[in-house]
file start25.cif (mmCIF, C-alpha atoms)
data_input
loop_
_atom_site.label_atom_id
_atom_site.label_comp_id
_atom_site.auth_asym_id
_atom_site.auth_seq_id
_atom_site.Cartn_x
_atom_site.Cartn_y
_atom_site.Cartn_z
CA ALA A 1 152.80 121.17 140.06
CA ASP A 2 151.04 124.51 140.60
CA ALA A 3 150.39 123.69 144.26
CA LEU A 4 154.05 122.77 144.77
CA LYS A 5 155.10 125.99 143.04
CA ASP A 6 152.89 128.04 145.37
CA LYS A 7 154.34 126.23 148.37
CA ALA A 8 157.89 126.86 147.13
CA ASN A 9 157.12 130.54 146.59
CA SER A 10 155.89 130.80 150.18
CA LEU A 11 159.07 129.14 151.41
CA PHE A 12 161.11 131.60 149.36
CA LYS A 13 159.29 134.57 150.86
CA ALA A 14 160.04 133.11 154.29
CA ARG A 15 163.74 133.01 153.28
CA ARG A 16 163.85 129.25 153.62
CA TRP A 17 165.95 128.95 150.50
CA GLU A 18 166.98 125.30 150.62
CA GLU A 19 163.44 124.11 151.28
CA ALA A 20 162.18 126.30 148.45
CA VAL A 21 164.69 124.75 146.05
CA GLU A 22 163.62 121.24 147.02
CA CYS A 23 159.98 122.15 146.48
CA TYR A 24 160.69 123.67 143.06
CA GLU A 25 162.52 120.45 142.15
CA ASP A 26 159.46 118.41 143.15
CA ALA A 27 157.27 120.67 141.04
CA LEU A 28 159.57 120.20 138.05
CA LYS A 29 159.25 116.44 138.36
CA ALA A 30 155.47 116.83 138.30
CA CYS A 31 155.38 118.72 134.98
CA PRO A 32 157.97 117.13 132.68
CA HIS A 33 156.16 118.16 129.48
CA ASP A 34 154.99 121.66 130.41
CA LYS A 35 157.74 123.84 128.97
CA GLU A 36 156.32 127.17 130.07
CA LEU A 37 155.81 126.09 133.68
CA SER A 38 159.21 124.39 133.69
CA ALA A 39 160.82 127.67 132.64
CA VAL A 40 159.13 129.47 135.53
CA LEU A 41 160.19 126.81 138.03
CA HIS A 42 163.79 126.76 136.82
CA THR A 43 163.87 130.55 136.99
CA ASN A 44 162.56 130.59 140.55
CA SER A 45 164.99 127.84 141.54
CA SER A 46 167.80 129.96 140.17
CA ALA A 47 166.71 132.88 142.32
CA ALA A 48 166.58 130.73 145.47
CA LEU A 49 169.94 129.07 144.80
CA ARG A 50 171.56 132.49 144.34
CA LYS A 51 170.80 133.18 147.99
CA LEU A 52 172.81 130.14 149.12
CA GLU A 53 176.59 130.20 149.45
CA GLN A 54 178.55 128.04 147.01
CA ARG A 55 175.47 127.42 144.83
CA ALA A 56 176.09 129.94 142.03
CA ASP A 57 176.87 127.19 139.51
CA ASP A 58 173.59 125.43 140.30
CA ALA A 59 171.73 128.73 140.00
CA TYR A 60 173.28 129.32 136.59
CA ARG A 61 172.39 125.81 135.45
CA HIS A 62 168.74 126.41 136.29
CA ALA A 63 168.75 129.77 134.50
CA MET A 64 170.11 128.07 131.39
CA LYS A 65 167.47 125.35 131.59
CA ALA A 66 164.77 128.00 131.91
CA ILE A 67 165.94 129.69 128.72
CA GLU A 68 166.14 126.34 126.95
CA ALA A 69 162.58 125.49 128.03
CA ASN A 70 161.16 128.85 126.97
CA PRO A 71 163.45 131.17 124.96
CA LYS A 72 160.77 133.87 125.12
CA TYR A 73 160.62 134.02 128.92
CA ALA A 74 162.05 137.41 129.90
CA LYS A 75 162.60 136.59 133.57
CA ALA A 76 164.87 133.68 132.68
CA PHE A 77 167.21 136.04 130.84
CA PHE A 78 167.01 138.45 133.75
CA ARG A 79 168.04 135.75 136.22
CA ARG A 80 170.96 134.72 134.07
CA GLY A 81 171.95 138.37 133.77
CA VAL A 82 172.02 138.76 137.54
CA LEU A 83 174.28 135.72 137.85
CA HIS A 84 176.59 137.08 135.17
CA TYR A 85 176.69 140.32 137.14
CA ASP A 86 177.52 138.54 140.42
CA ALA A 87 180.41 136.80 138.68
CA GLY A 88 181.77 140.01 137.15
CA ARG A 89 180.79 139.13 133.60
CA TRP A 90 179.60 142.67 133.02
CA THR A 91 178.98 142.66 129.27
CA GLN A 92 177.10 139.36 129.31
CA SER A 93 175.02 140.67 132.18
CA PHE A 94 174.01 143.83 130.34
CA GLU A 95 173.20 141.83 127.21
CA ASP A 96 170.84 139.57 129.18
CA PHE A 97 169.10 142.53 130.82
CA ARG A 98 168.58 144.07 127.39
CA LYS A 99 167.26 140.77 126.06
CA ALA A 100 164.79 140.58 128.93
CA GLN A 101 163.58 144.10 128.17
CA ASP A 102 163.31 143.34 124.46
CA ILE A 103 161.04 140.39 125.21
CA GLU A 104 158.98 142.23 127.82
CA PRO A 105 159.47 146.02 127.61
CA ASN A 106 157.42 146.75 130.74
CA LEU A 107 159.09 144.11 132.88
CA GLN A 108 158.89 145.22 136.50
CA GLY A 109 162.25 146.21 137.98
CA ILE A 110 164.31 145.96 134.79
CA ASP A 111 165.23 149.65 134.53
CA SER A 112 167.48 149.75 137.60
CA TRP A 113 169.24 146.54 136.58
CA LEU A 114 169.81 147.93 133.10
CA ARG A 115 171.42 150.98 134.69
CA ARG A 116 173.81 148.95 136.80
CA GLY A 117 174.50 146.55 133.94
CA ARG A 118 175.19 149.36 131.49
CA HIS A 119 177.50 151.15 133.93
CA ALA A 120 179.44 147.96 134.65
CA ALA A 121 179.74 147.01 130.98
CA ARG A 122 181.13 150.42 130.11
CA GLU A 123 183.90 149.95 132.63
CA GLY A 124 184.67 146.47 131.37
CA LYS A 125 187.68 144.49 132.47
CA GLU A 126 189.06 147.28 134.64
CA ARG A 127 186.06 147.07 136.93
CA LYS A 128 186.67 145.52 140.33
CA ASN A 129 184.08 143.19 141.83
CA LEU A 130 183.90 144.73 145.28
CA TYR A 131 180.87 142.76 146.41
CA ARG A 132 182.71 139.54 145.70
CA GLU A 133 185.63 140.75 147.82
CA LEU A 134 183.24 140.83 150.77
CA GLY A 135 181.35 137.68 149.74
CA LEU A 136 178.09 139.60 149.32
CA LEU A 137 175.42 140.01 146.66
CA CYS A 138 175.04 143.43 145.09
CA ASP A 139 171.47 143.78 146.37
CA CYS A 140 172.33 143.12 150.02
CA GLU A 141 171.20 145.46 152.78
CA GLN A 142 173.60 148.14 153.97
CA GLU A 143 173.87 146.58 157.41
CA GLU A 144 175.11 143.35 155.85
CA VAL A 145 178.10 145.22 154.41
CA LYS A 146 179.14 146.41 157.87
CA LYS A 147 178.64 143.01 159.47
CA ARG A 148 180.60 141.15 156.81
CA TYR A 149 183.42 143.67 156.90
CA ARG A 150 183.84 143.31 160.66
CA THR A 151 183.95 139.53 160.34
CA LEU A 152 186.46 139.50 157.47
CA ALA A 153 188.65 142.19 159.02
CA ARG A 154 189.08 140.01 162.09
CA GLU A 155 189.66 136.83 160.09
CA CYS A 156 192.25 138.17 157.66
CA HIS A 157 194.07 140.73 159.77
CA PRO A 158 197.84 140.32 159.24
CA ASP A 159 198.36 140.07 163.00
CA LYS A 160 196.53 136.73 162.85
CA VAL A 161 199.38 135.22 160.82
CA VAL A 162 202.47 136.63 162.52
CA ASP A 163 204.07 133.16 162.62
CA ALA A 164 203.17 132.30 159.03
CA SER A 165 205.52 132.12 156.06
CA PRO A 166 206.29 135.33 154.16
CA ALA A 167 204.04 134.18 151.32
CA GLU A 168 201.11 133.48 153.64
CA ARG A 169 201.59 136.78 155.45
CA GLY A 170 201.73 138.61 152.11
CA ALA A 171 198.49 136.95 151.01
CA ALA A 172 196.83 137.96 154.27
CA GLU A 173 197.99 141.56 153.88
CA ASN A 174 196.65 141.70 150.31
CA LYS A 175 193.31 140.24 151.39
CA PHE A 176 193.06 142.68 154.28
CA LYS A 177 193.80 145.56 151.92
CA SER A 178 191.14 144.40 149.43
CA VAL A 179 188.54 144.00 152.16
CA ASN A 180 189.24 147.49 153.49
CA GLU A 181 189.03 148.99 150.01
CA ALA A 182 185.70 147.30 149.36
CA HIS A 183 184.31 148.47 152.67
CA GLU A 184 185.52 152.02 152.16
CA ILE A 185 183.27 152.26 149.10
CA LEU A 186 180.38 149.94 149.88
CA GLY A 187 180.16 150.88 153.54
CA ASN A 188 179.02 154.38 152.61
CA GLU A 189 175.58 154.59 150.99
CA LYS A 190 176.47 157.51 148.74
CA SER A 191 179.69 156.01 147.39
CA ARG A 192 178.02 152.63 147.10
CA LYS A 193 175.27 154.07 144.93
CA GLU A 194 177.85 155.76 142.72
CA TYR A 195 179.78 152.50 142.54
CA ASP A 196 176.61 150.65 141.52
CA PHE A 197 175.18 153.10 139.01
CA GLY A 198 177.87 155.62 138.18
CA LYS A 199 177.50 159.36 138.51
CA ASP A 200 174.08 160.94 138.04
CA SER A 201 174.91 162.03 134.52
CA ASP A 202 175.40 158.38 133.55
CA HIS A 203 171.81 157.56 134.44
CA HIS A 204 170.35 159.67 131.66
CA GLN A 205 172.39 158.48 128.70
CA SER A 206 170.50 157.87 125.50
CA PRO A 207 169.98 154.18 124.70
CA TYR A 208 171.68 154.96 121.40
CA ASP A 209 174.94 156.13 122.95
CA ALA A 210 178.38 154.88 121.97
CA PHE A 211 178.17 151.66 123.94
CA ASN A 212 174.83 150.62 122.50
CA ARG A 213 176.13 151.25 118.99
CA GLY A 214 178.82 148.68 119.66
CA ARG A 215 181.64 150.98 120.75
CA ARG A 216 182.93 151.44 124.26
CA ALA A 217 182.07 154.81 125.74
CA ALA A 218 184.91 157.13 126.66
CA PRO A 219 186.46 156.32 130.05
CA GLN A 220 185.88 158.50 133.07
CA PRO A 221 189.32 159.82 134.06
CA GLY A 222 190.43 159.28 137.62
CA SER A 223 187.56 157.12 138.83
CA ARG A 224 188.27 155.97 142.37
CA TYR A 225 186.82 152.53 141.63
CA SER A 226 189.07 151.56 138.76
CA ARG A 227 192.31 149.65 138.86
CA GLN A 228 193.71 152.30 136.60
CA PRO A 229 195.21 155.62 137.62
CA PRO A 230 193.63 158.82 136.24
CA GLY A 231 192.89 158.22 132.61
CA GLY A 232 190.99 154.98 133.21
CA PHE A 233 187.50 154.46 134.58
CA GLY A 234 185.65 152.33 137.14
CA GLY A 235 182.47 151.68 139.10
CA PHE A 236 180.04 148.95 139.98
CA GLY A 237 176.36 148.08 139.96
CA GLY A 238 173.86 147.00 142.58
CA PHE A 239 171.57 149.36 144.45
CA PRO A 240 170.65 148.41 148.01
CA GLY A 241 167.05 148.21 149.02
CA ALA A 242 165.56 147.73 145.56
CA ARG A 243 162.31 145.80 145.81
CA GLY A 244 160.38 143.78 143.31
CA GLY A 245 159.58 140.12 143.37
CA PRO A 246 159.83 136.60 142.14
CA PHE A 247 156.50 134.95 142.69
CA GLY A 248 153.71 136.81 140.99
CA ASP A 249 152.26 140.21 140.34
CA ASN A 250 152.05 141.16 144.01
CA ASP A 251 155.01 139.36 145.57
CA SER A 252 158.52 140.67 145.78
CA ASP A 253 162.08 139.49 146.14
CA ASP A 254 165.19 141.31 147.35
CA ASP A 255 166.61 142.07 143.93
CA GLY A 256 163.76 144.23 142.67
CA PHE A 257 162.14 141.69 140.36
CA PHE A 258 158.91 139.76 140.03
CA PHE A 259 158.82 135.98 139.78
CA GLY A 260 156.65 133.76 137.63
#

call {"tool": "encode", "arguments": {"input": "start25.cif", "output": "C-alpha cells"}}
result
Amino acid sequence: ADALKDKANSLFKARRWEEAVECYEDALKACPHDKELSAVLHTNSSAALRKLEQRADDAYRHAMKAIEANPKYAKAFFRRGVLHYDAGRWTQSFEDFRKAQDIEPNLQGIDSWLRRGRHAAREGKERKNLYRELGLLCDCEQEEVKKRYRTLARECHPDKVVDASPAERGAAENKFKSVNEAHEILGNEKSRKEYDFGKDSDHHQSPYDAFNRGRRAAPQPGSRYSRQPPGGFGGFGGFPGARGGPFGDNDSDDDGFFFG
C-alpha cells in the first residue's frame, strides 16, 4: 500500500489526476484494516478528484471517509473545508479549517485558508461565488482566469442566440453579465486578493472577535462584492499562487497544503 501511495503521489505531482485517483484506490484496497493509512489515502484522493471537472461529489465522499477512518486527522478536515468553500458553504468551510487547526495547530498552510474562510463566513449568504461563475477553483493561477473568461465570453455572448426564444436570450444575457462581473473582480490581482481575503484590516482581527463568539460581525457597508447595495457586505476567499503540498513534508500542491 505504501508503494502504491508513493506512486499515486508522484502521479499527482505530475498533474495526472485520474491516474493518481486510480492508484490511490488500489492502495486503499491493499490496506482495508489500516485506518490511519486509509484516512491519508482518502484525503489524497479527495485532493486529486477536486482537480477534475464534475468530480466534486466524489471528492467530498472521500473526505468524509477520511474523517470517518481517522477523526483526529487534521488534513481530512482541511480537505472537506476546501470542498465546502468551493461549493459556497462558507460557514461549514470555516468550521472545518478551525477544526483542522485545533487538531494540529502548526499545520502547514492553514493560516491563509482560515483567513479566506473567516472572511467568507462573515459575509454569509450574501456572498457571491465568483469562482464558480467562471468554473474555476479559488486557488487557480491568474492566467487561468483570463483564459476561462475569454472562452465563456465567446460561448455565452447574447449575439450567439439572436434567433433563440426570449427566455433563452434572457438567460444568455444574465450569464454573460455574471461572467463579466466575475472577471472584473477576479481578473485583477488586487481586487481578487481583496475578494478572497477582505481588506487588510480584516486580516488582523482577533480570534475572539464577534464572529468567533458566535455572533456575525458587523457588515461592511457598500462592498462591491455583495449582492446588497450599500449597507450590506461582500467578498470572497482564495489567494492565487499559494503553495504547500499534499504528499509529505517536502512536497507541495496548488492549494498551499501538505499531504499525508

call {"tool": "atom_distance", "arguments": {"input": "start25.cif", "atom1": "CA of Arg116 (chain A)", "atom2": "CA of Glu144 (chain A)"}}
result
19.9 Å

call {"tool": "resolve_selection", "arguments": {"input": "start25.cif", "expression": "the PyMOL selection byres ((chain A and resi 146) around 10)", "output": "PDB file with C-alpha atoms, in the coordinates of the input"}}
result
ATOM      1  CA  LEU A 134     183.240 140.830 150.770  1.00  0.00           C
ATOM      2  CA  GLU A 141     171.200 145.460 152.780  1.00  0.00           C
ATOM      3  CA  GLN A 142     173.600 148.140 153.970  1.00  0.00           C
ATOM      4  CA  GLU A 143     173.870 146.580 157.410  1.00  0.00           C
ATOM      5  CA  GLU A 144     175.110 143.350 155.850  1.00  0.00           C
ATOM      6  CA  VAL A 145     178.100 145.220 154.410  1.00  0.00           C
ATOM      7  CA  LYS A 147     178.640 143.010 159.470  1.00  0.00           C
ATOM      8  CA  ARG A 148     180.600 141.150 156.810  1.00  0.00           C
ATOM      9  CA  TYR A 149     183.420 143.670 156.900  1.00  0.00           C
ATOM     10  CA  ARG A 150     183.840 143.310 160.660  1.00  0.00           C
ATOM     11  CA  THR A 151     183.950 139.530 160.340  1.00  0.00           C
ATOM     12  CA  HIS A 183     184.310 148.470 152.670  1.00  0.00           C
ATOM     13  CA  LEU A 186     180.380 149.940 149.880  1.00  0.00           C
ATOM     14  CA  GLY A 187     180.160 150.880 153.540  1.00  0.00           C
ATOM     15  CA  ASN A 188     179.020 154.380 152.610  1.00  0.00           C
TER      16      ASN A 188
END

call {"tool": "closest_residue", "arguments": {"input": "start25.cif", "among": "A:Arg16, A:His33, A:Arg169, A:Lys75", "to": "Leu49 (chain A)", "atoms": "only C-alpha atoms"}}
result
A:Arg16

call {"tool": "closest_residue", "arguments": {"input": "start25.cif", "among": "A:Leu52, A:Pro105, A:Ala27, A:His42", "to": "Arg79 (chain A)", "atoms": "all atoms listed in the file"}}
result
A:His42

call {"tool": "residues_near_point", "arguments": {"input": "start25.cif", "point": "(156.5, 123.8, 149.0)", "cutoff": "8 Å", "atoms": "all atoms listed in the file", "output": "ChimeraX atom specification"}}
result
/A:3-11,19-20,22-24

call {"tool": "build_atoms", "arguments": {"input": "start25.cif", "residues": "region 177-195 of chain A", "atoms": "N, CA and C atoms", "output": "mmCIF file, in the frame of the given file"}}
result
data_model
loop_
_atom_site.group_PDB
_atom_site.id
_atom_site.type_symbol
_atom_site.label_atom_id
_atom_site.label_comp_id
_atom_site.auth_asym_id
_atom_site.auth_seq_id
_atom_site.Cartn_x
_atom_site.Cartn_y
_atom_site.Cartn_z
ATOM 1 N N LYS A 177 193.849 144.322 152.683
ATOM 2 C CA LYS A 177 193.800 145.560 151.920
ATOM 3 C C LYS A 177 192.570 145.592 151.008
ATOM 4 N N SER A 178 192.292 144.472 150.338
ATOM 5 C CA SER A 178 191.140 144.400 149.430
ATOM 6 C C SER A 178 189.828 144.550 150.185
ATOM 7 N N VAL A 179 189.755 143.920 151.347
ATOM 8 C CA VAL A 179 188.540 144.000 152.160
ATOM 9 C C VAL A 179 188.306 145.434 152.625
ATOM 10 N N ASN A 180 189.364 146.103 153.037
ATOM 11 C CA ASN A 180 189.240 147.490 153.490
ATOM 12 C C ASN A 180 188.832 148.409 152.344
ATOM 13 N N GLU A 181 189.392 148.176 151.162
ATOM 14 C CA GLU A 181 189.030 148.990 150.010
ATOM 15 C C GLU A 181 187.567 148.814 149.656
ATOM 16 N N ALA A 182 187.099 147.557 149.668
ATOM 17 C CA ALA A 182 185.700 147.300 149.360
ATOM 18 C C ALA A 182 184.784 147.963 150.375
ATOM 19 N N HIS A 183 185.156 147.875 151.642
ATOM 20 C CA HIS A 183 184.310 148.470 152.670
ATOM 21 C C HIS A 183 184.320 149.985 152.614
ATOM 22 N N GLU A 184 185.441 150.564 152.262
ATOM 23 C CA GLU A 184 185.520 152.020 152.160
ATOM 24 C C GLU A 184 184.470 152.553 151.188
ATOM 25 N N ILE A 185 184.223 151.820 150.117
ATOM 26 C CA ILE A 185 183.270 152.260 149.100
ATOM 27 C C ILE A 185 181.860 151.769 149.401
ATOM 28 N N LEU A 186 181.717 150.493 149.679
ATOM 29 C CA LEU A 186 180.380 149.940 149.880
ATOM 30 C C LEU A 186 179.798 150.253 151.240
ATOM 31 N N GLY A 187 180.642 150.574 152.198
ATOM 32 C CA GLY A 187 180.160 150.880 153.540
ATOM 33 C C GLY A 187 179.491 152.231 153.649
ATOM 34 N N ASN A 188 179.635 153.064 152.640
ATOM 35 C CA ASN A 188 179.020 154.380 152.610
ATOM 36 C C ASN A 188 177.917 154.366 151.546
ATOM 37 N N GLU A 189 176.703 154.715 151.923
ATOM 38 C CA GLU A 189 175.580 154.590 150.990
ATOM 39 C C GLU A 189 175.766 155.438 149.738
ATOM 40 N N LYS A 190 176.304 156.631 149.899
ATOM 41 C CA LYS A 190 176.470 157.510 148.740
ATOM 42 C C LYS A 190 177.505 156.958 147.768
ATOM 43 N N SER A 191 178.664 156.538 148.288
ATOM 44 C CA SER A 191 179.690 156.010 147.390
ATOM 45 C C SER A 191 179.285 154.648 146.837
ATOM 46 N N ARG A 192 178.511 153.910 147.602
ATOM 47 C CA ARG A 192 178.020 152.630 147.100
ATOM 48 C C ARG A 192 177.088 152.833 145.922
ATOM 49 N N LYS A 193 176.204 153.807 146.031
ATOM 50 C CA LYS A 193 175.270 154.070 144.930
ATOM 51 C C LYS A 193 176.029 154.509 143.675
ATOM 52 N N GLU A 194 177.052 155.330 143.862
ATOM 53 C CA GLU A 194 177.850 155.760 142.720
ATOM 54 C C GLU A 194 178.598 154.576 142.119
ATOM 55 N N TYR A 195 179.083 153.716 142.984
ATOM 56 C CA TYR A 195 179.780 152.500 142.540
ATOM 57 C C TYR A 195 178.845 151.595 141.734
#
